[in-house]
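Q: File follows, model-v3.cif with mmCIF, C-alpha atoms and all ligand atoms:
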data_work
loop_
_atom_site.label_atom_id
_atom_site.label_comp_id
_atom_site.auth_asym_id
_atom_site.auth_seq_id
_atom_site.Cartn_x
_atom_site.Cartn_y
_atom_site.Cartn_z
CA MET A 11 0.17 15.55 29.37
CA ARG A 12 -1.52 16.04 25.95
CA SER A 13 -5.06 14.56 25.82
CA CYS A 14 -7.17 13.66 22.80
CA GLU A 15 -10.17 11.51 22.03
CA VAL A 16 -8.48 9.33 19.37
CA LEU A 17 -4.75 8.80 19.15
CA ILE A 18 -3.39 7.19 15.99
CA VAL A 19 0.07 5.66 16.00
CA GLY A 20 1.44 5.90 12.45
CA GLY A 21 0.62 8.33 9.65
CA GLY A 22 0.82 5.89 6.68
CA PRO A 23 -2.28 5.09 4.58
CA ALA A 24 -4.07 3.24 7.43
CA GLY A 25 -3.55 5.99 10.00
CA SER A 26 -4.15 8.98 7.73
CA THR A 27 -7.32 7.45 6.27
CA ALA A 28 -8.73 6.72 9.73
CA ALA A 29 -7.87 10.31 10.71
CA TRP A 30 -9.49 11.70 7.55
CA LYS A 31 -12.81 9.97 8.31
CA LEU A 32 -12.72 10.87 12.01
CA ARG A 33 -11.83 14.51 11.41
CA ARG A 34 -14.64 14.92 8.86
CA ALA A 35 -17.03 13.83 11.62
CA GLY A 36 -15.48 16.39 13.98
CA ALA A 37 -13.55 13.97 16.22
CA ASP A 38 -10.58 15.17 18.25
CA VAL A 39 -7.69 13.22 16.68
CA LEU A 40 -3.92 13.26 17.06
CA ILE A 41 -1.45 11.33 14.89
CA LEU A 42 2.00 10.37 16.16
CA ASP A 43 4.62 9.26 13.66
CA ARG A 44 8.29 8.65 14.33
CA GLU A 45 9.14 10.27 11.00
CA ARG A 46 8.60 13.73 9.63
CA PHE A 47 6.60 13.70 6.37
CA PRO A 48 7.24 13.53 3.50
CA ARG A 49 9.17 10.40 4.36
CA LEU A 50 10.62 7.51 2.38
CA LYS A 51 8.45 4.38 2.34
CA LEU A 52 9.69 1.32 0.49
CA CYS A 53 6.81 0.39 -1.79
CA ALA A 54 6.20 -0.15 -5.50
CA GLY A 55 3.34 2.35 -5.21
CA TRP A 56 0.82 0.40 -7.27
CA ILE A 57 -2.76 1.35 -6.40
CA THR A 58 -6.02 -0.12 -7.65
CA PRO A 59 -9.19 1.65 -8.86
CA GLU A 60 -10.82 0.51 -5.59
CA VAL A 61 -8.24 2.49 -3.57
CA VAL A 62 -8.90 5.58 -5.69
CA ARG A 63 -12.64 5.17 -5.09
CA GLU A 64 -12.40 4.49 -1.36
CA LEU A 65 -10.20 7.53 -0.85
CA GLY A 66 -12.63 9.69 -2.83
CA MET A 67 -9.66 10.72 -4.98
CA ASP A 68 -10.07 12.66 -8.18
CA VAL A 69 -7.24 11.29 -10.29
CA ALA A 70 -7.26 14.33 -12.59
CA SER A 71 -6.70 16.81 -9.75
CA TYR A 72 -4.26 14.74 -7.66
CA PRO A 73 -1.38 17.23 -7.34
CA HIS A 74 1.53 14.74 -7.55
CA ARG A 75 2.79 12.00 -9.84
CA LEU A 76 0.14 9.49 -10.86
CA LEU A 77 0.47 7.23 -13.87
CA THR A 78 -2.44 5.15 -15.17
CA PHE A 79 -1.65 1.82 -16.78
CA PRO A 80 -4.02 0.67 -19.50
CA ARG A 81 -2.55 -2.83 -19.16
CA LEU A 82 -0.21 -4.95 -17.06
CA ARG A 83 2.44 -7.08 -18.70
CA VAL A 84 2.62 -10.39 -16.90
CA HIS A 85 5.59 -12.69 -17.56
CA VAL A 86 5.76 -16.35 -16.57
CA GLY A 87 8.78 -18.15 -17.98
CA ARG A 88 8.91 -17.31 -21.68
CA LEU A 89 5.23 -16.42 -21.75
CA GLN A 90 4.28 -12.74 -21.86
CA LEU A 91 0.65 -11.85 -21.31
CA PRO A 92 -0.69 -8.31 -21.77
CA VAL A 93 -3.60 -7.93 -19.32
CA ALA A 94 -5.89 -5.06 -20.35
CA CYS A 95 -7.08 -3.39 -17.14
CA VAL A 96 -6.76 -0.08 -15.31
CA GLN A 97 -4.27 0.28 -12.46
CA HIS A 98 -2.25 3.24 -11.22
CA SER A 99 1.15 4.08 -9.76
CA ILE A 100 2.02 6.84 -7.30
CA ARG A 101 5.17 7.71 -5.36
CA ARG A 102 4.64 6.89 -1.67
CA TYR A 103 6.91 9.79 -0.74
CA GLU A 104 4.29 12.14 -2.18
CA PHE A 105 1.09 10.13 -1.72
CA ASP A 106 1.47 9.49 2.02
CA ALA A 107 2.29 13.14 2.77
CA TRP A 108 -0.69 14.24 0.67
CA LEU A 109 -3.06 11.85 2.48
CA LEU A 110 -1.74 12.96 5.85
CA GLU A 111 -2.17 16.63 5.10
CA ARG A 112 -5.62 16.04 3.60
CA SER A 113 -6.73 14.31 6.81
CA GLY A 114 -6.66 17.67 8.58
CA ALA A 115 -5.43 16.00 11.77
CA PRO A 116 -2.58 17.42 13.84
CA VAL A 117 0.60 15.33 13.57
CA GLU A 118 3.46 15.16 16.05
CA THR A 119 6.83 13.56 15.40
CA HIS A 120 7.23 11.06 18.21
CA THR A 121 8.42 7.46 18.40
CA VAL A 122 5.90 5.54 20.50
CA ARG A 123 7.51 3.05 22.85
CA HIS A 124 5.23 2.32 25.76
CA ILE A 125 1.47 1.95 26.03
CA ALA A 126 -0.44 1.55 29.30
CA ALA A 127 -4.16 0.95 29.75
CA ASP A 128 -5.62 3.63 32.00
CA GLY A 129 -9.31 3.37 33.00
CA ASP A 130 -11.24 3.27 29.71
CA GLY A 131 -8.35 4.83 27.80
CA TYR A 132 -4.59 4.67 27.28
CA VAL A 133 -1.47 6.56 28.28
CA ILE A 134 1.35 6.67 25.74
CA ASP A 135 4.93 7.21 26.92
CA ASP A 136 3.62 9.13 29.95
CA ALA A 137 3.08 12.04 27.55
CA TYR A 138 -0.25 11.45 25.76
CA ARG A 139 -3.64 10.30 27.01
CA CYS A 140 -6.50 9.13 24.78
CA ARG A 141 -9.82 7.33 24.96
CA TYR A 142 -9.40 5.41 21.66
CA LEU A 143 -6.11 4.11 20.28
CA ILE A 144 -5.55 3.08 16.65
CA GLY A 145 -2.43 1.07 15.87
CA ALA A 146 -1.38 2.01 12.33
CA GLY A 147 2.37 1.76 12.79
CA GLY A 148 3.09 -0.85 10.10
CA THR A 149 4.89 -4.15 10.64
CA ARG A 150 6.65 -2.97 13.80
CA CYS A 151 3.67 -1.14 15.25
CA PRO A 152 4.05 -0.66 19.03
CA VAL A 153 0.28 -1.03 19.54
CA TYR A 154 0.47 -4.49 17.97
CA ARG A 155 3.59 -5.33 19.97
CA GLU A 156 2.22 -4.20 23.35
CA LEU A 157 -1.46 -5.15 23.11
CA PHE A 158 -2.02 -7.67 20.31
CA ARG A 159 1.10 -9.74 19.63
CA GLU A 160 0.38 -12.44 22.16
CA LEU A 161 -3.16 -12.84 20.88
CA ASN A 162 -2.22 -12.78 17.18
CA PRO A 163 1.30 -14.15 16.77
CA ARG A 164 2.60 -13.64 13.23
CA ALA A 165 2.93 -16.68 10.98
CA SER A 166 6.47 -16.93 9.62
CA ASP A 167 5.30 -18.58 6.40
CA LEU A 168 3.30 -15.43 5.61
CA GLN A 169 6.26 -13.09 5.92
CA LEU A 170 7.08 -11.37 2.65
CA VAL A 171 10.62 -10.08 2.22
CA THR A 172 11.29 -7.42 -0.36
CA LEU A 173 14.16 -5.66 -2.03
CA GLU A 174 13.53 -2.56 -4.11
CA HIS A 175 14.82 0.74 -5.36
CA GLU A 176 12.98 3.79 -6.65
CA ILE A 177 15.12 5.92 -8.92
CA GLN A 178 14.86 8.92 -11.16
CA TYR A 179 14.99 7.41 -14.61
CA GLU A 180 13.70 8.49 -18.01
CA TRP A 181 11.99 5.21 -18.78
CA ARG A 182 10.82 4.50 -22.28
CA ASP A 183 8.35 1.66 -21.63
CA PRO A 184 5.33 3.12 -19.78
CA ASP A 185 3.78 -0.30 -18.95
CA CYS A 186 3.95 -2.05 -15.61
CA HIS A 187 5.74 -5.43 -15.88
CA LEU A 188 5.45 -8.33 -13.43
CA TRP A 189 7.61 -11.47 -13.58
CA PHE A 190 6.44 -14.52 -11.65
CA PHE A 191 8.68 -17.31 -10.32
CA ALA A 192 11.74 -16.24 -12.39
CA GLN A 193 14.73 -18.46 -11.48
CA GLY A 194 12.52 -20.36 -9.01
CA LEU A 195 11.73 -17.22 -6.95
CA PRO A 196 8.85 -17.93 -4.52
CA GLY A 197 7.26 -14.59 -5.41
CA TYR A 198 7.52 -12.01 -8.15
CA SER A 199 9.50 -9.04 -9.41
CA TRP A 200 8.25 -5.77 -10.81
CA TYR A 201 9.06 -2.80 -13.03
CA VAL A 202 6.68 0.04 -12.10
CA PRO A 203 7.15 3.34 -13.92
CA LYS A 204 5.95 6.51 -12.22
CA GLU A 205 4.83 9.67 -13.90
CA ARG A 206 7.57 12.11 -15.00
CA GLY A 207 10.79 10.16 -14.89
CA TRP A 208 10.64 7.94 -11.81
CA LEU A 209 10.84 4.18 -11.75
CA ASN A 210 10.48 1.49 -9.08
CA VAL A 211 12.07 -1.95 -9.51
CA GLY A 212 11.85 -4.68 -6.90
CA ILE A 213 11.30 -8.23 -5.72
CA GLY A 214 8.96 -9.73 -3.14
CA ALA A 215 9.19 -13.34 -1.94
CA ILE A 216 7.97 -15.54 0.90
CA ALA A 217 10.77 -15.47 3.50
CA GLY A 218 10.30 -19.06 4.74
CA ARG A 219 10.38 -20.57 1.26
CA LEU A 220 13.45 -18.56 0.27
CA LYS A 221 15.22 -19.82 3.35
CA ARG A 222 14.13 -23.45 2.96
CA THR A 223 15.35 -23.53 -0.63
CA GLY A 224 18.61 -21.73 0.18
CA GLN A 225 17.89 -18.83 -2.16
CA ASP A 226 19.35 -15.37 -1.77
CA ILE A 227 17.05 -12.45 -2.56
CA ARG A 228 20.06 -10.24 -3.43
CA ALA A 229 21.12 -12.75 -6.09
CA HIS A 230 17.58 -12.63 -7.48
CA PHE A 231 17.71 -8.84 -7.58
CA ALA A 232 21.07 -8.90 -9.36
CA HIS A 233 19.61 -11.27 -11.94
CA LEU A 234 16.58 -8.99 -12.44
CA ALA A 235 18.76 -5.88 -12.78
CA GLY A 236 20.93 -7.71 -15.32
CA GLN A 237 17.88 -8.65 -17.39
CA LEU A 238 16.46 -5.13 -17.24
CA GLU A 239 19.77 -3.60 -18.27
CA GLY A 240 19.44 -5.48 -21.56
CA HIS A 241 16.13 -3.92 -22.63
CA LEU A 242 14.02 -1.89 -20.16
CA THR A 243 16.52 0.09 -18.06
CA PRO A 244 19.83 0.49 -19.91
CA GLY A 245 22.35 2.44 -17.81
CA ALA A 246 20.23 2.41 -14.62
CA GLN A 247 22.10 1.95 -11.31
CA PHE A 248 20.22 0.13 -8.54
CA ASP A 249 21.12 0.03 -4.87
CA PRO A 250 18.11 -1.76 -3.35
CA SER A 251 16.91 -1.80 0.27
CA GLY A 252 14.77 -4.36 2.03
CA TYR A 253 11.71 -4.43 4.25
CA SER A 254 9.34 -7.17 5.32
CA TYR A 255 5.64 -7.32 6.01
CA TYR A 256 2.97 -9.96 6.45
CA LEU A 257 0.37 -11.40 4.13
CA ARG A 258 -3.13 -11.93 5.39
CA GLY A 259 -3.48 -14.89 7.69
CA ARG A 260 -5.82 -15.57 10.59
CA VAL A 261 -6.14 -12.36 12.55
CA ASP A 262 -8.36 -13.33 15.43
CA VAL A 263 -8.22 -10.22 17.60
CA VAL A 264 -8.20 -6.81 15.94
CA ARG A 265 -9.84 -4.89 18.77
CA ARG A 266 -9.22 -4.93 22.51
CA ASP A 267 -11.43 -2.60 24.51
CA ASN A 268 -10.83 0.78 22.86
CA ALA A 269 -7.66 -0.22 20.97
CA PHE A 270 -7.62 -1.25 17.29
CA ILE A 271 -5.02 -2.52 14.84
CA THR A 272 -5.10 -1.65 11.15
CA GLY A 273 -3.05 -2.13 7.96
CA ASP A 274 0.35 -3.82 8.18
CA ALA A 275 0.13 -3.73 11.97
CA ALA A 276 -2.59 -6.38 11.62
CA GLY A 277 -0.85 -8.14 8.68
CA LEU A 278 -3.53 -7.63 6.04
CA ALA A 279 -1.73 -7.65 2.66
CA SER A 280 -3.28 -9.78 -0.07
CA ARG A 281 -2.07 -13.38 -0.30
CA ASP A 282 -1.51 -13.36 -4.06
CA LEU A 283 0.29 -10.06 -4.80
CA GLY A 284 1.16 -8.59 -1.39
CA GLU A 285 -1.12 -5.60 -1.99
CA GLY A 286 -1.24 -3.73 1.33
CA ILE A 287 -2.36 -0.18 0.57
CA GLY A 288 -6.00 -1.13 -0.12
CA PRO A 289 -6.40 -3.25 3.04
CA ALA A 290 -4.67 -0.52 5.08
CA ILE A 291 -7.12 2.08 3.83
CA ARG A 292 -10.17 -0.15 4.30
CA SER A 293 -9.16 -1.11 7.85
CA GLY A 294 -8.48 2.55 8.72
CA LEU A 295 -11.95 3.47 7.49
CA ARG A 296 -13.49 0.61 9.50
CA ALA A 297 -11.72 1.59 12.72
CA ALA A 298 -12.96 5.16 12.31
CA GLN A 299 -16.48 3.96 11.59
CA THR A 300 -16.49 1.78 14.69
CA ILE A 301 -15.42 4.70 16.86
CA LEU A 302 -17.98 7.04 15.30
CA GLU A 303 -20.97 4.70 15.03
CA ALA A 304 -20.25 1.89 17.49
CA THR A 305 -20.40 -0.67 14.65
CA PRO A 306 -18.50 -3.94 15.14
CA TYR A 307 -14.85 -3.80 14.08
CA GLN A 308 -14.45 -6.65 11.60
CA LEU A 309 -11.73 -7.04 9.00
CA ASP A 310 -12.79 -10.36 7.45
CA ASP A 311 -13.51 -8.80 4.06
CA VAL A 312 -10.92 -6.00 3.86
CA THR A 313 -8.43 -8.20 1.99
CA GLY A 314 -9.49 -9.88 -1.20
CA LEU A 315 -7.36 -11.44 -3.89
CA SER A 316 -5.64 -8.73 -5.92
CA VAL A 317 -6.22 -10.72 -9.11
CA GLY A 318 -9.94 -10.32 -8.37
CA SER A 319 -9.52 -6.55 -8.55
CA ILE A 320 -7.55 -6.86 -11.79
CA ALA A 321 -10.21 -9.17 -13.26
CA ARG A 322 -12.95 -6.68 -12.28
CA SER A 323 -11.06 -3.91 -13.97
CA MET A 324 -10.61 -6.04 -17.13
CA PHE A 325 -14.32 -6.74 -17.13
CA GLU A 326 -15.24 -3.06 -16.66
CA ARG A 327 -12.86 -2.18 -19.47
CA MET A 328 -14.48 -4.72 -21.76
CA LEU A 329 -17.95 -3.43 -20.87
CA HIS A 330 -16.81 0.13 -21.42
CA ALA A 331 -15.25 -0.75 -24.78
CA GLY A 332 -18.46 -2.61 -25.73
CA ALA A 333 -20.69 0.31 -24.74
CA LEU A 334 -18.43 2.77 -26.51
CA GLY A 335 -18.38 0.56 -29.61
CA ALA A 336 -22.19 0.33 -29.63
CA ARG A 337 -22.54 4.10 -29.17
CA GLN A 338 -20.06 4.80 -31.93
CA ALA A 339 -21.86 2.39 -34.23
CA ARG A 340 -25.11 4.32 -33.67
CA ALA A 341 -23.72 7.85 -33.89
CA PRO A 342 -19.97 8.33 -34.16
CA VAL A 343 -18.74 11.00 -31.77
CA PRO A 344 -15.53 12.59 -33.01
CA GLY A 345 -12.84 12.50 -30.33
CA ALA A 346 -14.94 10.51 -27.81
CA ALA A 347 -12.55 10.17 -24.88
CA ASP A 348 -11.70 6.74 -23.60
CA ALA A 349 -12.11 6.86 -19.82
CA LEU A 350 -8.97 4.78 -19.55
CA GLN A 351 -6.47 7.53 -20.03
CA HIS A 352 -2.77 6.98 -20.09
CA ARG A 353 -0.94 10.01 -18.72
CA ASP A 354 2.42 10.34 -20.37
CA PRO A 355 5.16 12.29 -18.65
C1 LIG B 401 8.97 -3.16 -1.22
C2 LIG B 401 7.49 -3.09 -0.99
C3 LIG B 401 6.63 -2.91 -2.07
C4 LIG B 401 5.26 -2.80 -1.87
N1 LIG B 401 4.46 -2.54 -2.94
C5 LIG B 401 3.12 -2.37 -2.76
C6 LIG B 401 2.31 -1.94 -3.84
O1 LIG B 401 2.80 -1.67 -4.93
N2 LIG B 401 0.98 -1.82 -3.63
C7 LIG B 401 0.41 -2.08 -2.40
O2 LIG B 401 -0.82 -1.98 -2.28
N3 LIG B 401 1.19 -2.44 -1.35
C8 LIG B 401 2.52 -2.56 -1.48
N4 LIG B 401 3.32 -2.85 -0.42
C9 LIG B 401 2.69 -2.96 0.91
C10 LIG B 401 2.37 -1.58 1.45
O3 LIG B 401 3.51 -0.74 1.36
C11 LIG B 401 1.92 -1.67 2.93
O4 LIG B 401 1.01 -2.72 3.07
C12 LIG B 401 1.28 -0.36 3.37
O5 LIG B 401 2.22 0.68 3.40
C13 LIG B 401 0.66 -0.51 4.78
O6 LIG B 401 0.23 0.75 5.23
P1 LIG B 401 0.20 1.08 6.80
O7 LIG B 401 -0.41 2.43 6.91
O8 LIG B 401 -0.41 -0.05 7.53
O9 LIG B 401 1.72 1.12 7.27
P2 LIG B 401 2.95 2.03 6.81
O10 LIG B 401 2.71 2.58 5.47
O11 LIG B 401 4.16 1.21 7.06
O12 LIG B 401 2.92 3.25 7.85
C14 LIG B 401 3.27 3.05 9.18
C15 LIG B 401 3.73 4.37 9.78
O13 LIG B 401 3.94 4.15 11.18
C16 LIG B 401 5.11 4.84 11.61
N5 LIG B 401 5.64 4.18 12.80
C17 LIG B 401 6.18 2.95 12.89
N6 LIG B 401 6.57 2.70 14.16
C18 LIG B 401 6.26 3.81 14.89
C19 LIG B 401 6.41 4.15 16.27
N7 LIG B 401 6.97 3.33 17.15
N8 LIG B 401 5.99 5.38 16.68
C20 LIG B 401 5.42 6.25 15.79
N9 LIG B 401 5.26 5.96 14.47
C21 LIG B 401 5.65 4.75 14.03
C22 LIG B 401 6.04 4.74 10.40
O14 LIG B 401 7.00 5.79 10.39
C23 LIG B 401 5.05 4.86 9.22
O15 LIG B 401 4.93 6.19 8.75
C24 LIG B 401 4.70 -2.94 -0.57
C25 LIG B 401 5.56 -3.13 0.52
C26 LIG B 401 6.93 -3.19 0.31
C27 LIG B 401 7.84 -3.36 1.50
#
Please render this file's structure as structure tokens.
A:
Amino acid sequence: MRSCEVLIVGGGPAGSTAAWKLRRAGADVLILDRERFPRLKLCAGWITPEVVRELGMDVASYPHRLLTFPRLRVHVGRLQLPVACVQHSIRRYEFDAWLLERSGAPVETHTVRHIAADGDGYVIDDAYRCRYLIGAGGTRCPVYRELFRELNPRASDLQLVTLEHEIQYEWRDPDCHLWFFAQGLPGYSWYVPKERGWLNVGIGAIAGRLKRTGQDIRAHFAHLAGQLEGHLTPGAQFDPSGYSYYLRGRVDVVRRDNAFITGDAAGLASRDLGEGIGPAIRSGLRAAQTILEATPYQLDDVTGLSVGSIARSMFERMLHAGALGARQARAPVPGAADALQHRDP
């Protein structure tokens, strides 16, 4: 039987970030993931400046595709609103593998099925023993299923269903577009370009409301694809796949003895835009901190409203533009670089 101090189930952003913090403090960590990385993860791949900061990422030296948006284009009905702010896109296929490798933790390909409490630790599938267990296995995390589900049942009206496709496509419009409530959709659709010829298009909607109103998410996707064909993605072929996860609700129990749940396993995505990468990273960092420093494991503040992050970024941009303007008025600096760079492919 393989023994370790901390066993992490799932090598997505929650698991790899927890491992990264634990490994830097010298902890003995093992990650189990049912898939071999790099692996496909359905996700638009939009990340906020907060995520970049919390991961200690240097955007300029990130070795894979990263596109910075100087604005979002928000559509509601016939209204189109350009929102000046800084947000980024990455490809999860690359980003997750990079985070996992950066963590420095050993990773084994193993599908976790059974978890048994054993003294002050856990035995996994009769093959692994650990003192601490972090559940970072996403929506269908076995740690959630075996140890937390009864205590935190998921609320069906917080289930977000999605349909998306990421394709190689030489896009011409480098802005991120979001359409809210098109055709009565209880959610939104997106066009998220990635650096160097990749594009993600998708739809996310509240499952319960779709069902109650008799709407079909595939029909919504077909409508979106038809609209995009006309102007943003002529000639593109989409064959979307679906996945569901949970928006943040009441999560009463996130720790039991030495077991923790993080990220989608705990259902932490933001209520307004379904942003899950930031909460996954924050909860992974918190779980690691609790193990290292015996601090309480609390997730009350790991999910905020995503529009809050966008508003902060708008504000910072305005301040930056103001400061730059004032500096330039005093002593013009030829070629002064705007910190808000747009990286073209
Ligand atoms: C279509 C779509 C678009 C999205 N777009 C965005 C976006 O643009 N921005 C954003 O912030 N969020 C977005 N999200 C949400 C975001 O993808 C998730 O919230 C985020 O991936 C959660 O990270 P995680 O580490 O908790 O779980 P995951 O990233 O799901 O990682 C879980 C890992 O656990 C492994 N695993 C699962 N079961 C087992 C098992 N039994 N044994 C071993 N390993 C197991 C899986 O293979 C996986 O690697 C989107 C989600 C979807 C579905």
Q: Kindly give the distance, in Å, that separates CA of Ser254 in chain A and atom C11 of ligand LIG 401 (chain B), rounded to a single decimal.
A: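 Separation between CA of Ser254 in chain A and atom C11 of ligand LIG 401 (chain B): 9.5 Å.
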Q: Within 6 Å of ligand LIG 401 (chain B), which residues show up when you count all atoms listed in the file? List them as number ranges by chain, please.
A: A: 19-25, 42-45, 52-57, 120-123, 146-148, 150-152, 172-174, 253-254, 273-275, 279, 285-288, 290
Q: Which value, in Å to one decimal, gives the distance between CA of Tyr154 in chain A and CA of Leu257 in chain A?
A: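 Between these atoms lies a distance of 15.5 Å.
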Q: List as a ChimeraX atom specification the protein and nucleic acid residues near range 64-69 of chain A, meaning an atom at most 12 Å away when all atoms listed in the file are counted, but skip any in the same chain fewer than 4 places from it.
A: /A:23-24,26-28,30-31,57-60,73-78,97-100,105,108-109,112-113,287-296,312,349-353
Q: A:Tyr307, A:Tyr72, A:Tyr256, A:Trp181: which is nearest Asn210 in chain A, counting all atoms listed in the file?
A: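 Of all the options, A:Trp181 lies closest to Asn210 in chain A.
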Q: Please write range 272-279 of chain A of the preceding block to a file containing all heavy atoms, as an mmCIF file, in the first residue's frame?
A:
data_model
loop_
_atom_site.group_PDB
_atom_site.id
_atom_site.type_symbol
_atom_site.label_atom_id
_atom_site.label_comp_id
_atom_site.auth_asym_id
_atom_site.auth_seq_id
_atom_site.Cartn_x
_atom_site.Cartn_y
_atom_site.Cartn_z
ATOM 1 N N THR A 272 -13.115 20.820 -2.066
ATOM 2 C CA THR A 272 -12.687 22.076 -2.698
ATOM 3 C C THR A 272 -13.345 22.183 -4.083
ATOM 4 O O THR A 272 -13.837 21.194 -4.626
ATOM 5 C CB THR A 272 -11.153 22.075 -2.907
ATOM 6 O OG1 THR A 272 -10.812 20.942 -3.725
ATOM 7 C CG2 THR A 272 -10.391 21.980 -1.594
ATOM 8 N N GLY A 273 -13.300 23.372 -4.653
ATOM 9 C CA GLY A 273 -13.708 23.593 -6.048
ATOM 10 C C GLY A 273 -15.102 23.080 -6.371
ATOM 11 O O GLY A 273 -16.029 23.169 -5.555
ATOM 12 N N ASP A 274 -15.257 22.524 -7.560
ATOM 13 C CA ASP A 274 -16.578 22.036 -8.000
ATOM 14 C C ASP A 274 -17.089 20.910 -7.111
ATOM 15 O O ASP A 274 -18.300 20.660 -7.061
ATOM 16 C CB ASP A 274 -16.508 21.527 -9.446
ATOM 17 C CG ASP A 274 -16.632 22.653 -10.466
ATOM 18 O OD1 ASP A 274 -16.709 23.829 -10.051
ATOM 19 O OD2 ASP A 274 -16.636 22.360 -11.679
ATOM 20 N N ALA A 275 -16.202 20.213 -6.436
ATOM 21 C CA ALA A 275 -16.658 19.150 -5.528
ATOM 22 C C ALA A 275 -17.548 19.747 -4.437
ATOM 23 O O ALA A 275 -18.503 19.116 -3.972
ATOM 24 C CB ALA A 275 -15.450 18.445 -4.902
ATOM 25 N N ALA A 276 -17.228 20.994 -4.047
ATOM 26 C CA ALA A 276 -18.039 21.660 -3.015
ATOM 27 C C ALA A 276 -19.143 22.506 -3.652
ATOM 28 O O ALA A 276 -20.011 23.004 -2.929
ATOM 29 C CB ALA A 276 -17.137 22.533 -2.142
ATOM 30 N N GLY A 277 -19.120 22.690 -4.973
ATOM 31 C CA GLY A 277 -20.141 23.514 -5.651
ATOM 32 C C GLY A 277 -19.941 24.983 -5.325
ATOM 33 O O GLY A 277 -20.755 25.589 -4.625
ATOM 34 N N LEU A 278 -18.851 25.569 -5.842
ATOM 35 C CA LEU A 278 -18.479 26.918 -5.405
ATOM 36 C C LEU A 278 -18.560 27.977 -6.502
ATOM 37 O O LEU A 278 -18.196 29.131 -6.270
ATOM 38 C CB LEU A 278 -17.039 26.909 -4.862
ATOM 39 C CG LEU A 278 -16.737 26.008 -3.667
ATOM 40 C CD1 LEU A 278 -15.252 26.122 -3.290
ATOM 41 C CD2 LEU A 278 -17.599 26.386 -2.473
ATOM 42 N N ALA A 279 -19.016 27.635 -7.699
ATOM 43 C CA ALA A 279 -18.961 28.601 -8.816
ATOM 44 C C ALA A 279 -19.851 29.818 -8.537
ATOM 45 O O ALA A 279 -20.882 29.713 -7.858
ATOM 46 C CB ALA A 279 -19.387 27.922 -10.111
#
